[in-house]
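Chemist: Below you will find the structure I want to go over with you.
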Amino acid sequence: MQKIKSLMTRQGLKSPPENLSDLGAIESLRVPGKEEFRELREQPSDPQAEQELINSIEQVYFSTDSFDIVKYELEVSKKVADLILEKQPAYVKELERVTSLQTGLQLAAVICTNGRRHLNIAKEGFTQASLGLLANQRKRQLLIGLLKSLRTIKTLQRTDVRLSEMLEEEDYPGAIQLCLECQKAASTFKHYSCISELNSKLQDTLEQIEEQLDVALSKICKNFDINHYTKVQQAYRLLGKTQTAMDQLHMHFTQAIHNTVFQVVLGYVELCSGNTDTKFQKLQYKDLCTHVTPDSYIPCLADLCKALWEVMLSYYRTMEWHEKHDNEDTTSAAEGSNMGTEETNFDRGYIKKKLEHGLTRIWQDVQLKVKTYLLGTDLSIFKYDDFIFVLDIISRLMQVGEEFCGSKSEVLQESIRKQSVNYFKNYHRTRLDELRMFLENETWELCPVKSNFSILQLHEFKFMEQSRSPSVSPSKQPASTSSKTVTLFEQYCSDGNPFEIQANHKDEETEDVLASNGYESDEQEKSAYQEYDSDSDVPEELKRDYVDEQTGDAPVKSVSRETLKSRKKSDYSLNKVNAPILTNTTLNVIRLVGKYMQMMNILKPIAFDVIHFMSQLFDYYLYAIYTFFGRNDSLESTGLGLSSSRLRTTLNRIQESLIDMEVSADPTATLTAAEERKEKVPSPHLSHLVVLTSGDTLYGLAERVVATESLVFLAEQFEFLQPHLDAVMPAVKKPFLQQFYSQTVSTASELRKPIYWIVAGKAIDYEQMLLLMANVKWDVKEIMSQHNIYVDALLKEFEQFNRRLNEVSKRVRIPLPVSNILWEHCIRLANRTIVEGYANVKKCSNEGRALMQLDFQQFLMKLEKLTDIRPIPDKEFVETYIKAYYLTENDMERWIKEHREYSTKQLTNLVNVCLGSHINKKARQKLLAAIDDIDRPKR
């Protein structure tokens with residue numbers, strides 16, 4: 001280096017300044033000291049490295065021994081020096097750059113030193129303090145999060161207690177919400193070991209809540225509570241199980257119906273048995289129903305229907321709740337679009353269909369349970385009012401079914417129809433026997449009723465006022481009924497029970513149909529019933545309160561003796577009062593009709609059976625009146641047609657179908673014949689207290705009038721009821737009803753003729769008149785101016801008849817049609833007797849015929865003053881017969897063929913009397929042959 005520097009100096013090069021750094025550099029080039037060499041020597045030698053070092057020496061140094069190393073080195077150094085000189089400018093320039101760089105580096109070192117010092121100050125004064133704060137803050141945040149987590153964990157662990165409290169409070173939505181939140185939280189903190197088992201525990205808790213929720217849902221079935229059900233539905237919605245809830249609800253309703261009926265019936269069975277044994281609890285419901293006692297049957301049925309009503313009402317209110325909330329959900333969904341609307345609509349649709357389908361299912365269950373109960377007991381032994389009450393309950397239950405799901409309740413109808421037909425057959429048989437007893441004890445005294453009496457005033461017909469006549473069209477109904485009918489579910493939705501009001505089924509309302517004394521409320525209408533002087537005049541039925549021991553019915557309202565004795569004595573004024581003529585027995589039949597119609601009204605499926613039995617009541621009454629007062633075999637021989645063919649047909653039909661003509665049962669009779677006999681009733685017998693043979697009473701005319709006119713009154717009531725019966729009669733059976741009215745009911749008034757004919761036949765002494773007429777000489781030769789005494793005798797008979805008629809009318813009002821028939825019969829018999837008397841004449845002249853005419857005209861003139869009947873019956877019958885005497889042979893033959901109303905004897909006598917005057921023997925034979933031809937078909 002020094003050589004290089006010296007060389008540079010010789011070449012005039014300026015040596016670079018020597019500074020500390022230069023010194024440092026030179027110093028770094030100093031010859032190694034002893035220590036260093038020692039170290040070098042101490043270092044282990046590497047043969048390979050030494051070989052490489054040797055190989056790096058140029059070959060020239062080993063060429064020859066004479067090689068001048070110094071000269072070679074100098075030459076080399078000269079070359080180096082020349083090269084250095086050649087590169088000196090670049091060196092200088094580069095050295096300057098190096099120097100400048102050195103200066104820059106020194107400045108940078110100063111800046112770095114100052115920067116480090118300032119950084120150290122910043123570090124100590126700011127960074128360490130701030131970052132410490134930040135670190136502490138971060139640590140604080142972490143600890144807060146940890147504390148929150150610990151609190152959450154603590155809350156989760158205490159959830160069970162709160163859930164139990166919420167379930168006790170029936171806050172099911174809150175409990176489920178809490179449980180779901182806890183599950184979510186537990187999932188968030190599952191990295192904590194203490195939470196690892198909590199999730200499964202919460203799932204178990206949720207399942208437990210669902211079980212309790214199901215129990216809560218079942219409570220809805222018996223006593224629907226809107227708040228309770230709202231909570232339950234909200235809870236199921238949180239669980240996402242609204243459809244499952246609806247399925248479960250229907251199962252609960254089915255179970256509720258079964259449990260309810262079983263518990264109600266079981267309670268009554270155990271109560272009535274007085275047995276604390278649990279054997280009844282093990283019975284099937286069907287078998288349990290057979291143990292219900294007759295006394296507890298109706299209360300049990302009522303309670304059964306009450307309990308089932310509660311179940312159906314709960315279902316009805318459940319449907320109402322869903323309908324209301326569906327509308328609210330629809331409204332809220334319309335106001336704002338919600339996610340999951342399609343799913344919600346699907347749920348709503350499912351629930352709606354399920355509820356609608358459930359209506360029929362539940363009602364079917366109710367029907368089957370009640371049917372089983374109904375058929376478990378034989379109702380034929382029940383009292384009428386009790387049976388009607390059963391029908392009324394079932395009718396009300398069927399109305400519930402109609403409103404509940406539009407059902408016609410075929411199951412209930414069929415079961416109650418079976419019981420009703422069975423009951424009604426037994427009941428009707430008893431009533432017919434009872435009616436026979438009444439008829440046989442009836443003395444045919446007038447039963448005093450008010451002049452405005454109507455069968456609608458009777459207790460048994462009150463139902464007609466309540467239900468309105470079915471024949472009345474809707475347009476004729478009162479305005480109040482035209483408004484919307486309130487259903488039972490609307491009426492008893494919030495309070496009450498439609499089967500509660502039936503408990504007091506005995507109507508305490510009293511009737512006011514009997515005339516309490518001789519005066520009506522209007523003084524101008526005084527009733528004039530005869531005063532009864534003794535109890536012997538009082539009908540037996542009025543003296544006693546008859547109560548059927550078997551049924552407990554009191555079919556007749558009895559009248560006290562004081563009431564009868566307090567009647568005002570009166571005279572013929574009774575004819576002016578239009579009070580109905582009826583007897584105690586008539587009233588009994590009418591009441592029975594009312595009872596039959598009650599049953600028919602409640603249970604229309606047995607309408608035909610009821611109307612058929614009702615017709616038998618009328619048939620038997622009509623047959624009894626005919627048997628007591630109208631049967632007379634000699635009547636038909638008169639040829640007067642007193643009994644129409646229709647009446648005869650009706651009486652024959654009744655006798656064949658209803659009257660048991662056998663005295664004792666035939667032991668050889670078949671079972672069918674025995675059954676038929678069981679349906680028949682023995683012919684009734686007139687009470688021995690009724691005397692029909694006394695002329696003073698016109699042969700029981702008062703009793704005959706009461707009996708006959710009570711039948712006519714009964715027929716009028718049946719006519720009044722015809723529209724009601726027709727409305728409930730099945731269409732296929734209507735011809736029976738029409739035939740009953742046209743062939744039977746309408747013939748009631750026709751019984752007047754044969755019954756009053758018997759009175760007319762005995763009221764006048766026609767035989768005495770014939771004897772008087774036989775004493776008259778008819779072949780007189782001169783015209784007579786004085787009539788014969790038989791006419792006066794006959795007129796006296798009629799005057800006496802009139803007086804007796806007035807006497808009878810003091811006891812019983814004689815209606816104008818009856819009075820007219822009596823007078824018509826008497827006059828007709830008198831005229832026929834006159835003709836018969838004329839036909840007994842052996843000889844008669846023209847003057848004698850004139851005398852006959854004179855007698856008859858005198859009779860007519862006096863008779864017209866006694867009666868208002870116009871024209872006089874059979875007047876032509878007499879006059880025509882008298883005038884036939886003057887006919888020629890040919891005219892008489894034609895006359896005989898045309899006038900078949902005369903008997904063969906009367907016609908023969910006419911011909912014989914004319915013989916010798918203007919008819920010869922040959923003509924006589926011809927005329928007698930014509931008479932014989934007329935008489936032959938009769939024989």
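Numbering starts fresh at 1 for the residues of each chain in the structure tokens, the chains themselves are lettered A, B, ... in the order given, and ligands are numbered from 1 as they appear.
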Write out as a ChimeraX atom specification all residues of range 219-422 of chain A that backbone DSSP assigns to alpha helix (DSSP H).
Modeler: /A:226-239,242-273,285-289,294-335,341-374,384-405,410-422
Chemist: What's the 7 Å shell around Pro754 in chain A, counting only C-alpha atoms, without same-chain residues fewer than 6 positions away, as a PyMOL selection string?
Modeler: chain A and resi 630+642-643
Chemist: Contacts of range 764-771 of chain A at 9 Å or less, counting only C-alpha atoms, minus same-chain residues fewer than 5 places along, as a list in words?
Modeler: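 Skipping anything fewer than 5 positions along the chain leaves Val759, Tyr790, Val791, Ala793, Leu794, Glu797, Phe798, Gln800, Phe801, Cys826, Leu829, Ala830, Thr833, Ile834, Glu836, Gly837 and Asn840 of chain A.
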Chemist: Between A:Ala839, A:Leu582, A:Leu866, A:Leu689, which is the closest to Lys905 in chain A once you count only C-alpha atoms?
Modeler: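 That would be A:Ala839, the residue with the smallest distance to Lys905 in chain A.
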Chemist: What is the distance between CA of Ile393 in chain A and CA of Gln364 in chain A, in Å to one decimal?
Modeler: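 Computing it gives 17.3 Å between the two atoms.
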Chemist: Could you name the residues that touch range 443-446 of chain A at 10 Å or less, counting only C-alpha atoms, but leaving out those on the same chain fewer than 3 positions away, as a PyMOL selection string?
Modeler: chain A and resi 438-440+449+529+537-542+580-586+686-691+700+702-708+710+811-813
Chemist: Write out, as a PDB file, in the first residue's frame, the residues just selected, with C-alpha atoms.
Modeler:
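Result went into again37.pdb, see below:
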```
ATOM      1  CA  PHE A 438    -165.342 -44.583  31.239  1.00  0.00           C
ATOM      2  CA  LEU A 439    -168.018 -45.313  28.653  1.00  0.00           C
ATOM      3  CA  GLU A 440    -169.500 -48.085  30.774  1.00  0.00           C
ATOM      4  CA  VAL A 449    -167.916 -25.869  30.241  1.00  0.00           C
ATOM      5  CA  TYR A 529    -178.037 -25.663  33.790  1.00  0.00           C
ATOM      6  CA  ASP A 537    -177.984 -36.559  39.691  1.00  0.00           C
ATOM      7  CA  VAL A 538    -174.266 -36.023  39.542  1.00  0.00           C
ATOM      8  CA  PRO A 539    -172.370 -38.257  37.101  1.00  0.00           C
ATOM      9  CA  GLU A 540    -170.125 -40.758  38.787  1.00  0.00           C
ATOM     10  CA  GLU A 541    -167.097 -39.380  36.937  1.00  0.00           C
ATOM     11  CA  LEU A 542    -167.794 -35.924  38.340  1.00  0.00           C
ATOM     12  CA  PRO A 580    -170.594 -27.094  23.707  1.00  0.00           C
ATOM     13  CA  ILE A 581    -172.406 -30.284  24.579  1.00  0.00           C
ATOM     14  CA  LEU A 582    -169.914 -32.791  25.855  1.00  0.00           C
ATOM     15  CA  THR A 583    -169.428 -35.284  28.629  1.00  0.00           C
ATOM     16  CA  ASN A 584    -166.670 -36.130  30.986  1.00  0.00           C
ATOM     17  CA  THR A 585    -165.721 -39.016  28.716  1.00  0.00           C
ATOM     18  CA  THR A 586    -165.634 -36.731  25.683  1.00  0.00           C
ATOM     19  CA  LEU A 686    -174.358 -49.020  28.752  1.00  0.00           C
ATOM     20  CA  SER A 687    -174.368 -48.099  32.437  1.00  0.00           C
ATOM     21  CA  HIS A 688    -177.372 -49.441  34.325  1.00  0.00           C
ATOM     22  CA  LEU A 689    -177.839 -45.948  35.733  1.00  0.00           C
ATOM     23  CA  VAL A 690    -178.960 -44.734  32.317  1.00  0.00           C
ATOM     24  CA  VAL A 691    -182.682 -45.323  31.841  1.00  0.00           C
ATOM     25  CA  GLY A 700    -183.632 -40.880  27.748  1.00  0.00           C
ATOM     26  CA  ALA A 702    -181.365 -35.896  27.440  1.00  0.00           C
ATOM     27  CA  GLU A 703    -178.787 -38.673  27.636  1.00  0.00           C
ATOM     28  CA  ARG A 704    -179.140 -39.384  23.935  1.00  0.00           C
ATOM     29  CA  VAL A 705    -178.645 -35.723  23.086  1.00  0.00           C
ATOM     30  CA  VAL A 706    -175.588 -35.436  25.312  1.00  0.00           C
ATOM     31  CA  ALA A 707    -174.118 -38.640  23.908  1.00  0.00           C
ATOM     32  CA  THR A 708    -174.839 -37.954  20.258  1.00  0.00           C
ATOM     33  CA  SER A 710    -170.793 -34.955  22.245  1.00  0.00           C
ATOM     34  CA  ARG A 811    -181.638 -30.099  31.520  1.00  0.00           C
ATOM     35  CA  VAL A 812    -179.796 -30.145  28.271  1.00  0.00           C
ATOM     36  CA  ARG A 813    -179.682 -27.629  25.483  1.00  0.00           C
TER      37      ARG A 813
END
```
